[in-house]
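model-v2.json (JSON, C-alpha atoms)
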```json
[["chain", "number", "residue", "atom", "x", "y", "z"],
["A", 894, "MET", "CA", 14.00, 12.59, 42.51],
["A", 895, "ARG", "CA", 13.77, 9.83, 39.86],
["A", 896, "ILE", "CA", 13.93, 7.13, 42.54],
["A", 897, "PHE", "CA", 11.07, 8.82, 44.44],
["A", 898, "GLN", "CA", 8.93, 8.91, 41.26],
["A", 899, "SER", "CA", 9.65, 5.24, 40.65],
["A", 900, "ILE", "CA", 8.63, 4.33, 44.20],
["A", 901, "VAL", "CA", 5.39, 6.33, 43.93],
["A", 902, "LEU", "CA", 4.58, 4.74, 40.56],
["A", 903, "LEU", "CA", 5.25, 1.27, 41.95],
["A", 904, "ALA", "CA", 3.03, 1.96, 44.97],
["A", 905, "VAL", "CA", 0.16, 3.16, 42.76],
["A", 906, "LEU", "CA", 0.45, 0.17, 40.43],
["A", 907, "THR", "CA", 0.51, -2.21, 43.39],
["A", 908, "LEU", "CA", -2.60, -0.59, 44.85],
["A", 909, "PHE", "CA", -4.51, -1.04, 41.61],
["A", 910, "ALA", "CA", -3.19, -4.58, 41.03],
["A", 911, "CYS", "CA", -4.26, -5.70, 44.50],
["A", 912, "SER", "CA", -7.79, -4.36, 44.17],
["A", 913, "LYS", "CA", -10.11, -7.37, 44.12],
["A", 914, "SER", "CA", -13.31, -5.54, 43.28],
["A", 915, "GLU", "CA", -14.47, -5.50, 39.70],
["A", 916, "ASP", "CA", -16.32, -2.57, 38.19],
["A", 917, "LEU", "CA", -19.18, -4.50, 36.66],
["A", 918, "PRO", "CA", -22.25, -3.11, 34.92],
["A", 919, "ALA", "CA", -25.73, -3.97, 36.17],
["A", 920, "ALA", "CA", -26.60, -7.55, 35.26],
["A", 921, "ASP", "CA", -29.57, -8.29, 33.02],
["A", 922, "ALA", "CA", -29.04, -12.08, 33.23],
["A", 923, "VAL", "CA", -27.26, -14.64, 35.40],
["A", 924, "LEU", "CA", -23.54, -14.16, 34.75],
["A", 925, "VAL", "CA", -21.24, -16.92, 35.97],
["A", 926, "LYS", "CA", -17.52, -17.48, 36.47],
["A", 927, "PHE", "CA", -16.39, -21.06, 37.09],
["A", 928, "GLU", "CA", -13.74, -21.97, 39.66],
["A", 929, "ASN", "CA", -12.05, -25.36, 39.14],
["A", 930, "LYS", "CA", -11.64, -27.03, 42.56],
["A", 931, "THR", "CA", -11.59, -30.61, 41.20],
["A", 932, "GLY", "CA", -7.88, -31.08, 41.90],
["A", 933, "ALA", "CA", -7.23, -31.73, 38.19],
["A", 934, "ASP", "CA", -7.47, -29.95, 34.87],
["A", 935, "VAL", "CA", -10.93, -29.94, 33.27],
["A", 936, "GLU", "CA", -10.92, -30.01, 29.48],
["A", 937, "ASP", "CA", -13.68, -29.22, 26.97],
["A", 938, "LEU", "CA", -16.13, -28.15, 29.66],
["A", 939, "THR", "CA", -19.66, -27.34, 28.53],
["A", 940, "VAL", "CA", -22.22, -26.20, 31.11],
["A", 941, "SER", "CA", -25.89, -25.99, 30.11],
["A", 942, "ARG", "CA", -25.03, -25.60, 26.42],
["A", 943, "VAL", "CA", -22.43, -22.88, 27.05],
["A", 944, "GLU", "CA", -18.89, -23.82, 26.00],
["A", 945, "VAL", "CA", -16.51, -22.89, 28.82],
["A", 946, "GLY", "CA", -13.48, -24.72, 27.39],
["A", 947, "ASP", "CA", -10.45, -25.76, 29.44],
["A", 948, "LEU", "CA", -9.90, -24.83, 33.10],
["A", 949, "LYS", "CA", -6.61, -25.69, 34.74],
["A", 950, "LYS", "CA", -6.57, -27.02, 38.31],
["A", 951, "GLY", "CA", -7.33, -24.13, 40.69],
["A", 952, "GLN", "CA", -8.13, -21.71, 37.85],
["A", 953, "THR", "CA", -11.14, -19.41, 37.65],
["A", 954, "SER", "CA", -12.58, -18.69, 34.23],
["A", 955, "PRO", "CA", -11.34, -15.32, 32.98],
["A", 956, "GLU", "CA", -14.78, -14.22, 31.83],
["A", 957, "TYR", "CA", -18.40, -14.37, 32.89],
["A", 958, "TYR", "CA", -20.71, -16.73, 30.99],
["A", 959, "ARG", "CA", -24.29, -15.64, 30.35],
["A", 960, "TYR", "CA", -27.38, -17.64, 31.27],
["A", 961, "GLU", "CA", -30.89, -16.31, 30.76],
["A", 962, "GLU", "CA", -32.04, -18.63, 33.56],
["A", 963, "LEU", "CA", -30.17, -20.72, 36.08],
["A", 964, "GLY", "CA", -31.62, -22.55, 39.05],
["A", 965, "GLN", "CA", -30.15, -23.72, 42.33],
["A", 966, "GLN", "CA", -31.20, -26.05, 45.10],
["A", 967, "TYR", "CA", -29.48, -26.45, 48.46],
["A", 968, "GLY", "CA", -26.49, -24.45, 47.20],
["A", 969, "TYR", "CA", -25.92, -26.48, 44.04],
["A", 970, "ALA", "CA", -26.46, -24.97, 40.59],
["A", 971, "LEU", "CA", -28.94, -26.99, 38.53],
["A", 972, "VAL", "CA", -26.99, -27.50, 35.32],
["A", 973, "GLU", "CA", -26.23, -30.08, 32.65],
["A", 974, "ALA", "CA", -22.49, -30.41, 32.23],
["A", 975, "VAL", "CA", -19.87, -32.47, 30.49],
["A", 976, "GLY", "CA", -16.08, -32.24, 30.55],
["A", 977, "THR", "CA", -12.97, -34.39, 30.63],
["A", 978, "VAL", "CA", -11.04, -34.92, 33.88],
["A", 979, "ASN", "CA", -7.90, -37.10, 33.87],
["A", 980, "GLY", "CA", -8.83, -38.45, 30.44],
["A", 981, "LYS", "CA", -12.34, -39.56, 31.47],
["A", 982, "ARG", "CA", -15.63, -37.91, 30.53],
["A", 983, "HIS", "CA", -17.41, -36.48, 33.57],
["A", 984, "PHE", "CA", -21.04, -35.45, 33.70],
["A", 985, "THR", "CA", -23.39, -33.63, 36.07],
["A", 986, "GLY", "CA", -23.64, -35.10, 39.55],
["A", 987, "ALA", "CA", -27.00, -35.95, 41.11],
["A", 988, "ASN", "CA", -26.98, -32.84, 43.34],
["A", 989, "CYS", "CA", -26.94, -30.60, 40.25],
["A", 990, "GLN", "CA", -29.70, -32.20, 38.19],
["A", 991, "GLY", "CA", -33.25, -31.03, 37.86],
["A", 992, "ILE", "CA", -35.41, -28.07, 36.96],
["A", 993, "CYS", "CA", -36.73, -25.73, 39.64],
["A", 994, "GLY", "CA", -40.24, -26.52, 40.80],
["A", 995, "THR", "CA", -40.37, -30.05, 39.34],
["A", 996, "ASP", "CA", -40.23, -33.41, 41.09],
["A", 997, "SER", "CA", -36.47, -33.52, 40.46],
["A", 998, "ALA", "CA", -35.88, -30.15, 42.18],
["A", 999, "PRO", "CA", -39.00, -29.33, 44.22],
["A", 1000, "ASN", "CA", -37.13, -26.89, 46.46],
["A", 1001, "GLY", "CA", -35.18, -25.25, 43.68],
["A", 1002, "THR", "CA", -35.18, -21.51, 43.11],
["A", 1003, "TRP", "CA", -34.20, -19.42, 40.13],
["A", 1004, "LEU", "CA", -31.15, -17.21, 40.60],
["A", 1005, "GLU", "CA", -31.79, -13.49, 40.26],
["A", 1006, "PRO", "CA", -29.88, -11.64, 37.54],
["A", 1007, "GLY", "CA", -26.43, -10.91, 38.89],
["A", 1008, "TYR", "CA", -22.83, -12.06, 39.05],
["A", 1009, "TYR", "CA", -22.07, -15.48, 40.53],
["A", 1010, "LYS", "CA", -19.14, -17.81, 40.99],
["A", 1011, "LEU", "CA", -19.67, -21.58, 40.73],
["A", 1012, "GLU", "CA", -17.15, -23.95, 42.27],
["A", 1013, "ILE", "CA", -16.62, -27.16, 40.29],
["A", 1014, "ILE", "CA", -15.89, -30.20, 42.45],
["A", 1015, "ILE", "CA", -15.83, -33.95, 41.90],
["A", 1016, "ALA", "CA", -18.99, -35.54, 43.29],
["A", 1017, "LYS", "CA", -18.45, -37.90, 46.23],
["A", 1018, "GLY", "CA", -19.79, -41.40, 45.77],
["A", 1019, "GLU", "CA", -20.55, -40.89, 42.08],
["A", 1020, "PRO", "CA", -18.06, -42.08, 39.47],
["A", 1021, "ASN", "CA", -17.19, -39.55, 36.78],
["A", 1022, "ALA", "CA", -19.48, -36.81, 38.10],
["A", 1023, "MET", "CA", -18.99, -33.10, 38.79],
["A", 1024, "GLU", "CA", -20.99, -30.80, 41.05],
["A", 1025, "PHE", "CA", -21.36, -27.05, 40.80],
["A", 1026, "LYS", "CA", -21.65, -25.20, 44.12],
["A", 1027, "VAL", "CA", -22.94, -21.63, 44.16],
["A", 1028, "LEU", "CA", -20.38, -19.45, 45.96],
["A", 1029, "ASP", "CA", -21.81, -15.96, 45.49]]
```

Turn this file's structure into structure tokens for me.
Amino acid sequence: MRIFQSIVLLAVLTLFACSKSEDLPAADAVLVKFENKTGADVEDLTVSRVEVGDLKKGQTSPEYYRYEELGQQYGYALVEAVGTVNGKRHFTGANCQGICGTDSAPNGTWLEPGYYKLEIIIAKGEPNAMEFKVLD
């Protein structure tokens, strides 16, 4: 009987551990998790004045970061960012710069309050630059 109880307990724990959905309250702002897809560790990351800290290669931030406003254009989040990758300071890539509705981002839109994931990648053709792609 004890073995049966252990098997049932293990099955229940596995079911809950494998559940990918999060029970999240309604969002009253733009709430963002960052996913590091740069291929390297990112240290001391700050995104639009919010300190994210260190993200290991392939890691997703454990928490959501709050932004009252956050824009996007063509799938790229419009942010100002700085962090260290492989010992070199990296900044916001050209695809991620601008403010919605201005000459720098004329086709930009503001994200609705909700939960989002932003993928951090190294910008192609730009030295020491990161881009932030909107995944959700």

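One finds CA of Asp996 in chain A at 19.9 Å from CA of Phe1025 in chain A.
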
Practice item. May I have the protein, DNA and RNA residues with an atom at most 10 Å from (-14.7, -29.5, 41.1), counting only C-alpha atoms in the file's coordinates, returned as JSON, numbers by chain? Key: {"A": [927, 928, 929, 930, 931, 932, 933, 934, 935, 950, 951, 978, 1011, 1012, 1013, 1014, 1015, 1016, 1022, 1023, 1024, 1025, 1026]}

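Computed from the coordinates, the CA of Gln965 in chain A to CA of Asp937 in chain A distance equals 23.2 Å.
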
Residues within 8 Å of Phe984 in chain A, please, as a CSV table (one decimal) with C-alpha atoms, keeping the file's coordinate frame. Count only C-alpha atoms; anything in the same chain fewer than 3 positions from it doesn't count.
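This is the output file result_3.csv:
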```csv
chain,number,residue,atom,x,y,z
A,973,GLU,CA,-26.2,-30.1,32.6
A,974,ALA,CA,-22.5,-30.4,32.2
A,975,VAL,CA,-19.9,-32.5,30.5
A,976,GLY,CA,-16.1,-32.2,30.6
A,1021,ASN,CA,-17.2,-39.6,36.8
A,1022,ALA,CA,-19.5,-36.8,38.1
A,1023,MET,CA,-19.0,-33.1,38.8
```

**Study point:** Which residue of A:Cys989, A:Val972, A:Leu917, A:Leu1028 approaches Val943 in chain A most closely, using all atoms listed in the file
**Key:** A:Val972

Revision key, fill the gap. Across A:Cys993, A:Val940, A:Ala970, A:Ala922, the smallest distance to Lys1010 in chain A, with only C-alpha atoms counted, is shown by A:Ala970

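CA of Gly991 in chain A is found 21.3 Å from CA of Gly1007 in chain A.
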
Take the structure in the block and write a file for range 981-992 of chain A, N, CA, C and O atoms, as an mmCIF file, in the first residue's frame.
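What follows is the written file selection17.cif:
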```cif
data_model
loop_
_atom_site.group_PDB
_atom_site.id
_atom_site.type_symbol
_atom_site.label_atom_id
_atom_site.label_comp_id
_atom_site.auth_asym_id
_atom_site.auth_seq_id
_atom_site.Cartn_x
_atom_site.Cartn_y
_atom_site.Cartn_z
ATOM 1 N N LYS A 981 32.184 43.209 -22.327
ATOM 2 C CA LYS A 981 32.027 44.466 -23.064
ATOM 3 C C LYS A 981 30.628 45.024 -22.834
ATOM 4 O O LYS A 981 29.641 44.299 -22.865
ATOM 5 N N ARG A 982 30.559 46.344 -22.645
ATOM 6 C CA ARG A 982 29.264 47.007 -22.477
ATOM 7 C C ARG A 982 28.496 46.936 -23.793
ATOM 8 O O ARG A 982 29.045 47.193 -24.864
ATOM 9 N N HIS A 983 27.245 46.557 -23.700
ATOM 10 C CA HIS A 983 26.348 46.507 -24.852
ATOM 11 C C HIS A 983 25.174 47.444 -24.589
ATOM 12 O O HIS A 983 24.722 47.576 -23.450
ATOM 13 N N PHE A 984 24.695 48.049 -25.647
ATOM 14 C CA PHE A 984 23.615 49.022 -25.545
ATOM 15 C C PHE A 984 22.473 48.609 -26.463
ATOM 16 O O PHE A 984 22.531 47.601 -27.148
ATOM 17 N N THR A 985 21.454 49.433 -26.527
ATOM 18 C CA THR A 985 20.277 49.156 -27.342
ATOM 19 C C THR A 985 20.612 49.231 -28.825
ATOM 20 O O THR A 985 21.208 50.198 -29.281
ATOM 21 N N GLY A 986 20.189 48.212 -29.560
ATOM 22 C CA GLY A 986 20.371 48.195 -31.008
ATOM 23 C C GLY A 986 19.412 49.157 -31.692
ATOM 24 O O GLY A 986 18.406 49.590 -31.116
ATOM 25 N N ALA A 987 19.703 49.488 -32.933
ATOM 26 C CA ALA A 987 18.912 50.458 -33.689
ATOM 27 C C ALA A 987 17.449 50.054 -33.819
ATOM 28 O O ALA A 987 16.560 50.909 -33.822
ATOM 29 N N ASN A 988 17.153 48.743 -33.933
ATOM 30 C CA ASN A 988 15.764 48.308 -34.073
ATOM 31 C C ASN A 988 14.927 48.608 -32.845
ATOM 32 O O ASN A 988 13.701 48.607 -32.918
ATOM 33 N N CYS A 989 15.556 48.832 -31.709
ATOM 34 C CA CYS A 989 14.829 48.989 -30.446
ATOM 35 C C CYS A 989 14.804 50.426 -29.948
ATOM 36 O O CYS A 989 14.378 50.680 -28.831
ATOM 37 N N GLN A 990 15.251 51.369 -30.750
ATOM 38 C CA GLN A 990 15.295 52.746 -30.290
ATOM 39 C C GLN A 990 14.108 53.522 -30.824
ATOM 40 O O GLN A 990 13.603 53.247 -31.896
ATOM 41 N N GLY A 991 13.683 54.485 -30.057
ATOM 42 C CA GLY A 991 12.624 55.375 -30.500
ATOM 43 C C GLY A 991 11.468 55.429 -29.525
ATOM 44 O O GLY A 991 11.385 54.664 -28.578
ATOM 45 N N ILE A 992 10.582 56.370 -29.783
ATOM 46 C CA ILE A 992 9.367 56.541 -28.998
ATOM 47 C C ILE A 992 8.201 56.494 -29.968
ATOM 48 O O ILE A 992 8.212 57.141 -31.018
#
```
